[in-house]
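A.B. asks: For reference, this is run-v1.cif, and it has mmCIF, C-alpha atoms, pLDDT in the B column; chains and numbers go by the auth columns.
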data_run
loop_
_atom_site.group_PDB
_atom_site.id
_atom_site.type_symbol
_atom_site.label_atom_id
_atom_site.label_comp_id
_atom_site.label_asym_id
_atom_site.label_seq_id
_atom_site.Cartn_x
_atom_site.Cartn_y
_atom_site.Cartn_z
_atom_site.B_iso_or_equiv
_atom_site.auth_seq_id
_atom_site.auth_asym_id
ATOM 1 C CA ASN A 1 64.984 -41.914 5.238 38.00 1327 L
ATOM 2 C CA ARG A 2 62.526 -41.321 8.071 38.00 1328 L
ATOM 3 C CA TYR A 3 60.540 -44.390 6.951 42.00 1329 L
ATOM 4 C CA VAL A 4 63.455 -46.811 7.329 44.00 1330 L
ATOM 5 C CA SER A 5 65.124 -45.066 10.272 45.00 1331 L
ATOM 6 C CA ASN A 6 63.017 -46.946 12.817 49.00 1332 L
ATOM 7 C CA ARG A 7 64.277 -50.365 11.764 49.00 1333 L
ATOM 8 C CA THR A 8 67.525 -52.268 11.603 52.00 1334 L
ATOM 9 C CA SER A 9 68.215 -55.623 10.007 52.00 1335 L
ATOM 10 C CA SER A 10 70.094 -58.115 12.098 51.00 1336 L
ATOM 11 C CA ALA A 11 72.384 -60.883 10.911 50.00 1337 L
ATOM 12 C CA ASP A 12 69.829 -63.610 11.690 62.00 1338 L
ATOM 13 C CA GLY A 13 67.262 -62.477 9.101 72.00 1339 L
ATOM 14 C CA ALA A 14 65.213 -60.422 11.520 88.00 1340 L
ATOM 15 C CA VAL A 15 64.158 -56.782 11.549 91.00 1341 L
ATOM 16 C CA GLU A 16 64.294 -54.890 14.845 91.00 1342 L
ATOM 17 C CA LEU A 17 62.040 -51.860 15.167 89.00 1343 L
ATOM 18 C CA LEU A 18 62.759 -48.938 17.440 83.00 1344 L
ATOM 19 C CA ASP A 19 59.756 -47.946 19.498 77.00 1345 L
ATOM 20 C CA LYS A 20 58.675 -44.671 17.930 78.00 1346 L
ATOM 21 C CA HIS A 21 55.000 -45.229 18.751 74.00 1347 L
ATOM 22 C CA LEU A 22 54.963 -44.435 22.461 80.00 1348 L
ATOM 23 C CA ASP A 23 51.498 -42.930 22.052 86.00 1349 L
ATOM 24 C CA LYS A 24 50.119 -46.348 21.010 88.00 1350 L
ATOM 25 C CA SER A 25 48.973 -49.039 23.448 90.00 1351 L
ATOM 26 C CA ALA A 26 51.240 -51.580 21.707 94.00 1352 L
ATOM 27 C CA SER A 27 54.108 -51.627 19.236 94.00 1353 L
ATOM 28 C CA ILE A 28 55.852 -54.083 16.942 95.00 1354 L
ATOM 29 C CA ARG A 29 59.438 -54.629 18.081 95.00 1355 L
ATOM 30 C CA ARG A 30 60.787 -57.491 15.939 95.00 1356 L
ATOM 31 C CA ILE A 31 59.873 -59.510 12.847 96.00 1357 L
ATOM 32 C CA GLU A 32 61.760 -62.656 11.971 94.00 1358 L
ATOM 33 C CA ILE A 33 61.494 -65.338 9.301 93.00 1359 L
ATOM 34 C CA ILE A 34 62.667 -68.772 10.371 91.00 1360 L
ATOM 35 C CA PRO A 35 62.942 -71.688 7.928 92.00 1361 L
ATOM 36 C CA ALA A 36 61.535 -74.907 9.430 87.00 1362 L
ATOM 37 C CA GLY A 37 64.197 -77.359 10.510 78.00 1363 L
ATOM 38 C CA LEU A 38 67.016 -75.185 9.199 59.00 1364 L
ATOM 39 C CA ASN A 39 69.250 -72.554 10.672 61.00 1365 L
ATOM 40 C CA SER A 40 67.829 -69.051 10.470 57.00 1366 L
ATOM 41 C CA ASP A 41 70.203 -67.883 7.731 59.00 1367 L
ATOM 42 C CA ALA A 42 69.314 -70.720 5.332 69.00 1368 L
ATOM 43 C CA SER A 43 67.630 -69.613 2.131 83.00 1369 L
ATOM 44 C CA LEU A 44 63.960 -70.330 1.496 91.00 1370 L
ATOM 45 C CA SER A 45 62.979 -72.442 -1.492 91.00 1371 L
ATOM 46 C CA VAL A 46 59.536 -73.153 -2.885 91.00 1372 L
ATOM 47 C CA SER A 47 59.332 -76.348 -0.796 91.00 1373 L
ATOM 48 C CA THR A 48 60.546 -74.822 2.486 92.00 1374 L
ATOM 49 C CA SER A 49 58.063 -74.328 5.319 94.00 1375 L
ATOM 50 C CA PHE A 50 58.854 -71.299 7.439 94.00 1376 L
ATOM 51 C CA SER A 51 57.555 -69.243 10.333 95.00 1377 L
ATOM 52 C CA ILE A 52 57.013 -65.522 10.602 96.00 1378 L
ATOM 53 C CA LYS A 53 57.557 -64.431 14.211 96.00 1379 L
ATOM 54 C CA VAL A 54 56.364 -61.046 15.393 97.00 1380 L
ATOM 55 C CA LYS A 55 57.328 -59.671 18.794 97.00 1381 L
ATOM 56 C CA VAL A 56 54.890 -57.134 20.209 96.00 1382 L
ATOM 57 C CA GLU A 57 55.308 -54.877 23.217 95.00 1383 L
ATOM 58 C CA VAL A 58 52.017 -54.231 25.011 95.00 1384 L
ATOM 59 C CA ARG A 59 51.806 -51.138 27.210 93.00 1385 L
ATOM 60 C CA GLU A 60 48.122 -51.283 28.228 91.00 1386 L
ATOM 61 C CA ALA A 61 47.047 -54.617 29.743 90.00 1387 L
ATOM 62 C CA ASP A 62 43.810 -56.532 29.204 88.00 1388 L
ATOM 63 C CA GLN A 63 43.288 -55.554 25.581 88.00 1389 L
ATOM 64 C CA GLU A 64 42.264 -57.976 22.875 92.00 1390 L
ATOM 65 C CA LEU A 65 45.148 -57.490 20.453 94.00 1391 L
ATOM 66 C CA ALA A 66 46.134 -59.481 17.404 94.00 1392 L
ATOM 67 C CA VAL A 67 48.831 -59.443 14.747 96.00 1393 L
ATOM 68 C CA PHE A 68 47.735 -59.227 11.121 96.00 1394 L
ATOM 69 C CA LEU A 69 49.958 -59.826 8.066 97.00 1395 L
ATOM 70 C CA HIS A 70 49.673 -58.836 4.410 97.00 1396 L
ATOM 71 C CA CYS A 71 52.126 -60.568 2.075 97.00 1397 L
ATOM 72 C CA HIS A 72 52.807 -58.868 -1.285 96.00 1398 L
ATOM 73 C CA ASP A 73 54.715 -60.045 -4.330 95.00 1399 L
ATOM 74 C CA GLU A 74 57.331 -57.931 -6.109 93.00 1400 L
ATOM 75 C CA ASN A 75 54.558 -56.181 -8.115 94.00 1401 L
ATOM 76 C CA GLN A 76 52.739 -55.214 -4.881 94.00 1402 L
ATOM 77 C CA ASN A 77 49.924 -57.700 -5.551 95.00 1403 L
ATOM 78 C CA ARG A 78 48.558 -58.998 -2.261 96.00 1404 L
ATOM 79 C CA VAL A 79 49.264 -62.724 -2.137 95.00 1405 L
ATOM 80 C CA PHE A 80 47.605 -63.453 1.204 96.00 1406 L
ATOM 81 C CA SER A 81 46.388 -61.868 4.418 96.00 1407 L
ATOM 82 C CA THR A 82 46.122 -63.570 7.769 96.00 1408 L
ATOM 83 C CA GLY A 83 45.543 -62.605 11.368 95.00 1409 L
ATOM 84 C CA SER A 84 46.311 -64.319 14.656 95.00 1410 L
ATOM 85 C CA PHE A 85 42.622 -64.016 15.603 91.00 1411 L
ATOM 86 C CA PHE A 86 41.775 -66.399 12.716 91.00 1412 L
ATOM 87 C CA SER A 87 43.135 -69.137 15.000 90.00 1413 L
ATOM 88 C CA GLN A 88 40.478 -70.428 17.426 88.00 1414 L
ATOM 89 C CA GLN A 89 42.840 -70.502 20.420 89.00 1415 L
ATOM 90 C CA LEU A 90 43.955 -66.889 19.833 87.00 1416 L
ATOM 91 C CA LYS A 91 40.587 -65.390 18.829 83.00 1417 L
ATOM 92 C CA ASN A 92 39.740 -63.632 22.126 84.00 1418 L
ATOM 93 C CA LEU A 93 43.234 -63.365 23.553 88.00 1419 L
ATOM 94 C CA LYS A 94 43.594 -60.540 26.088 91.00 1420 L
ATOM 95 C CA LEU A 95 47.236 -59.617 26.567 93.00 1421 L
ATOM 96 C CA SER A 96 49.028 -58.564 29.717 94.00 1422 L
ATOM 97 C CA ALA A 97 51.518 -55.690 29.629 95.00 1423 L
ATOM 98 C CA GLY A 98 54.961 -56.758 28.426 95.00 1424 L
ATOM 99 C CA MET A 99 56.473 -58.604 25.473 96.00 1425 L
ATOM 100 C CA HIS A 100 54.473 -61.153 23.486 96.00 1426 L
ATOM 101 C CA GLU A 101 55.512 -63.250 20.501 97.00 1427 L
ATOM 102 C CA PHE A 102 53.152 -64.370 17.741 97.00 1428 L
ATOM 103 C CA GLU A 103 54.103 -66.996 15.192 96.00 1429 L
ATOM 104 C CA CYS A 104 52.483 -67.752 11.841 96.00 1430 L
ATOM 105 C CA GLN A 105 53.500 -70.943 10.046 96.00 1431 L
ATOM 106 C CA ILE A 106 53.685 -70.852 6.260 96.00 1432 L
ATOM 107 C CA PRO A 107 53.682 -74.269 4.582 95.00 1433 L
ATOM 108 C CA GLY A 108 56.116 -75.250 1.854 93.00 1434 L
ATOM 109 C CA HIS A 109 54.712 -75.495 -1.663 91.00 1435 L
ATOM 110 C CA LEU A 110 52.622 -72.356 -1.214 95.00 1436 L
ATOM 111 C CA LEU A 111 54.674 -69.450 -2.611 95.00 1437 L
ATOM 112 C CA ASN A 112 56.389 -69.520 -5.986 92.00 1438 L
ATOM 113 C CA ASN A 113 59.917 -68.242 -6.504 92.00 1439 L
ATOM 114 C CA GLY A 114 60.249 -64.480 -6.217 94.00 1440 L
ATOM 115 C CA GLU A 115 60.578 -61.526 -3.870 94.00 1441 L
ATOM 116 C CA TYR A 116 57.906 -60.916 -1.211 95.00 1442 L
ATOM 117 C CA SER A 117 57.307 -58.202 1.370 94.00 1443 L
ATOM 118 C CA LEU A 118 55.276 -58.048 4.562 96.00 1444 L
ATOM 119 C CA ASP A 119 53.005 -55.431 6.078 96.00 1445 L
ATOM 120 C CA VAL A 120 52.491 -56.091 9.790 97.00 1446 L
ATOM 121 C CA MET A 121 49.640 -54.597 11.794 97.00 1447 L
ATOM 122 C CA ILE A 122 48.374 -54.679 15.354 96.00 1448 L
ATOM 123 C CA VAL A 123 44.591 -54.955 15.487 95.00 1449 L
ATOM 124 C CA ARG A 124 42.456 -54.268 18.569 92.00 1450 L
ATOM 125 C CA ASP A 125 39.118 -56.053 19.092 90.00 1451 L
ATOM 126 C CA ARG A 126 39.242 -57.533 15.554 86.00 1452 L
ATOM 127 C CA SER A 127 38.061 -54.173 14.214 88.00 1453 L
ATOM 128 C CA GLU A 128 40.577 -51.366 14.773 92.00 1454 L
ATOM 129 C CA VAL A 129 44.061 -51.228 13.289 94.00 1455 L
ATOM 130 C CA ILE A 130 46.109 -49.368 15.869 94.00 1456 L
ATOM 131 C CA LEU A 131 49.527 -49.684 14.199 94.00 1457 L
ATOM 132 C CA THR A 132 50.791 -50.536 10.702 94.00 1458 L
ATOM 133 C CA GLU A 133 54.356 -51.167 9.596 94.00 1459 L
ATOM 134 C CA SER A 134 54.267 -51.250 5.775 94.00 1460 L
ATOM 135 C CA SER A 135 56.804 -53.261 3.759 93.00 1461 L
ATOM 136 C CA VAL A 136 58.634 -53.837 7.017 93.00 1462 L
ATOM 137 C CA MET A 137 60.444 -56.949 5.801 93.00 1463 L
ATOM 138 C CA SER A 138 61.184 -58.603 2.488 92.00 1464 L
ATOM 139 C CA PHE A 139 62.273 -62.127 1.721 92.00 1465 L
ATOM 140 C CA GLN A 140 63.188 -64.215 -1.302 93.00 1466 L
ATOM 141 C CA ILE A 141 61.775 -67.612 -2.260 93.00 1467 L
ATOM 142 C CA HIS A 142 64.196 -69.491 -4.510 92.00 1468 L
ATOM 143 C CA ASP A 143 63.185 -71.827 -7.297 88.00 1469 L
ATOM 144 C CA GLU A 144 64.040 -75.488 -7.265 82.00 1470 L
ATOM 145 C CA PRO A 145 63.703 -78.083 -9.986 72.00 1471 L
ATOM 146 C CA LEU A 146 60.304 -79.735 -10.246 69.00 1472 L
ATOM 147 C CA GLY A 147 62.020 -83.111 -10.625 70.00 1473 L
ATOM 148 C CA ILE A 148 59.981 -84.087 -13.681 72.00 1474 L
ATOM 149 C CA GLU A 149 62.139 -85.675 -16.348 73.00 1475 L
ATOM 150 C CA GLY A 150 61.834 -83.811 -19.644 69.00 1476 L
ATOM 151 C CA TRP A 151 60.071 -80.778 -18.065 67.00 1477 L
ATOM 152 C CA ASN A 152 62.349 -77.753 -18.082 66.00 1478 L
ATOM 153 C CA TRP A 153 59.988 -74.817 -17.510 68.00 1479 L
ATOM 154 C CA SER A 154 59.373 -72.982 -14.293 73.00 1480 L
ATOM 155 C CA ALA A 155 55.954 -73.139 -12.697 76.00 1481 L
ATOM 156 C CA LEU A 156 54.082 -69.891 -13.356 80.00 1482 L
ATOM 157 C CA GLY A 157 51.937 -67.921 -10.927 84.00 1483 L
ATOM 158 C CA VAL A 158 52.287 -66.187 -7.574 86.00 1484 L
ATOM 159 C CA ILE A 159 51.486 -69.332 -5.629 87.00 1485 L
ATOM 160 C CA ARG A 160 52.914 -72.773 -6.307 85.00 1486 L
ATOM 161 C CA PRO A 161 50.818 -75.276 -4.387 86.00 1487 L
ATOM 162 C CA GLN A 162 51.603 -78.960 -4.585 83.00 1488 L
ATOM 163 C CA LEU A 163 48.182 -80.292 -5.536 84.00 1489 L
ATOM 164 C CA ASN A 164 46.967 -83.882 -5.657 89.00 1490 L
ATOM 165 C CA TRP A 165 45.827 -85.289 -8.976 86.00 1491 L
ATOM 166 C CA ARG A 166 43.786 -88.429 -9.692 92.00 1492 L
ATOM 167 C CA HIS A 167 42.837 -90.316 -12.791 89.00 1493 L
ATOM 168 C CA GLN A 168 40.053 -92.738 -13.488 93.00 1494 L
ATOM 169 C CA GLY A 169 40.137 -94.687 -16.685 88.00 1495 L
#
Represent the supplied structure as C-alpha cells.

C.D. replies:
Amino acid sequence: NRYVSNRTSSADGAVELLDKHLDKSASIRRIEIIPAGLNSDASLSVSTSFSIKVKVEVREADQELAVFLHCHDENQNRVFSTGSFFSQQLKNLKLSAGMHEFECQIPGHLLNNGEYSLDVMIVRDRSEVILTESSVMSFQIHDEPLGIEGWNWSALGVIRPQLNWRHQG
C-alpha cells in the first residue's frame, strides 16, 4: 500500500507521483506514454511508435541530471535500458531549478505484443542514481496481423523488429 500510495493514474494514460522525496535534489513528478500521431488514450499496437515523457522537478540548480529507463516484460526480463545522456545533445545537460520534461521516442516494430513495465531513475553525473521509481507504469502492446497470406501464427519473442531481407539468386 505504501509503495503505490505516492502515485495516481490519470485518465490520459499518465501516472502522477506525489513528491515524497523532499530530501532529494530532484524528483519524478509525472510519467506519460503518448502514441505517435494518435490521441493519448489510443491503444498501442506492435507497429505504433510512441513517446515516454518524464517530468522531473529539480530543487538544486546546476546539476548534471538525466532520466534513465528500464523496460521489463511481464516476466520481469529487462527488454531495454536507455538514458537521456545517451543522446549527444543531452549528455552534459545542467538543469536549472524547476520543472523539466524529458521525452524518449520508441519506434514501432520494436516491442512484441504483451505487458511491459517501466522503472524510471534520475541519475546525477552519469554515475549516481539519486532516485528510483520501480514498476512505476505499465502498458500493453497489442498484436496485429502480420498481413502475410497463409501465415496465421504470432511472431514469437520479446522484441518484434521489422527487419529487411534480401535475396540473391

A.B. asks: Is it possible to get the residues within 12 Å of (55.5, -74.6, -11.7) (coordinates as in the file, counting all atoms listed in the file) written as a compact mmCIF listing (two decimals) with C-alpha atoms, keeping the file's coordinate frame?

C.D. replies:
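Output saved as point06.txt:
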# COMPACT_ATOMS: atom_id res chain seq x y z
CA VAL L 1372 59.54 -73.15 -2.88
CA SER L 1373 59.33 -76.35 -0.80
CA HIS L 1435 54.71 -75.50 -1.66
CA LEU L 1436 52.62 -72.36 -1.21
CA LEU L 1437 54.67 -69.45 -2.61
CA ASN L 1438 56.39 -69.52 -5.99
CA ASN L 1439 59.92 -68.24 -6.50
CA ASP L 1469 63.18 -71.83 -7.30
CA GLU L 1470 64.04 -75.49 -7.26
CA PRO L 1471 63.70 -78.08 -9.99
CA LEU L 1472 60.30 -79.74 -10.25
CA GLY L 1473 62.02 -83.11 -10.62
CA ILE L 1474 59.98 -84.09 -13.68
CA TRP L 1477 60.07 -80.78 -18.07
CA ASN L 1478 62.35 -77.75 -18.08
CA TRP L 1479 59.99 -74.82 -17.51
CA SER L 1480 59.37 -72.98 -14.29
CA ALA L 1481 55.95 -73.14 -12.70
CA LEU L 1482 54.08 -69.89 -13.36
CA GLY L 1483 51.94 -67.92 -10.93
CA VAL L 1484 52.29 -66.19 -7.57
CA ILE L 1485 51.49 -69.33 -5.63
CA ARG L 1486 52.91 -72.77 -6.31
CA PRO L 1487 50.82 -75.28 -4.39
CA GLN L 1488 51.60 -78.96 -4.58
CA LEU L 1489 48.18 -80.29 -5.54

A.B. asks: Let me make sure I understand: among L:Ala1423, L:Ile1448, L:Gln1431, L:Ser1443, which one has the smallest atom-to-atom distance to Phe1411 in chain L if we use all atoms listed in the file?

C.D. replies: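 Under the stated criterion, the closest residue is L:Ile1448.
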
A.B. asks: Take the PyMOL selection byres ((chain L and resi 1357-1361) around 7), run it mentally on this structure, and tell me the resulting residues as a PyMOL selection string.

C.D. replies: chain L and resi 1339-1342+1356+1362-1366+1368+1370+1374-1381

A.B. asks: The PyMOL selection byres ((chain L and resi 1450) around 8) on the file shown: which residues, as a list in words?

C.D. replies: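 That expression, the PyMOL selection byres ((chain L and resi 1450) around 8), corresponds here to Gln1389, Glu1390, Leu1391, Ala1392, Ile1448, Val1449, Asp1451, Arg1452, Ser1453, Glu1454, Val1455 and Ile1456 of chain L.
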
A.B. asks: Using all atoms listed in the file, pick whichever of L:Glu1429, L:Ile1467, L:Asp1345, L:Ser1369 has the shortest atom-to-atom distance to Leu1416 in chain L.

C.D. replies: L:Glu1429

A.B. asks: Name the residues in contact with Met1425 in chain L at a cut-off of 9 Å, using only C-alpha atoms, excluding same-chain residues fewer than 3 positions from it; report them as a PyMOL selection string.

C.D. replies: chain L and resi 1355+1381-1385+1422

A.B. asks: Can you list what the PyMOL selection byres ((chain L and resi 1446) around 10) grabs from this structure, as an NGL selection string?

C.D. replies: :L and (1354 or 1357 or 1380 or 1393-1397 or 1407 or 1409 or 1443-1445 or 1447-1449 or 1457-1463)

A.B. asks: Tell me which of L:His1426, L:Arg1492, L:His1468, L:Arg1404 sits closest to Ala1352 in chain L, counting only C-alpha atoms.

C.D. replies: L:His1426

A.B. asks: Would you work out the distance separating CA of Phe1428 in chain L from CA of Gln1402 in chain L, expressed in Å to one decimal?

C.D. replies: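 Between CA of Phe1428 in chain L and CA of Gln1402 in chain L the gap is 24.4 Å.
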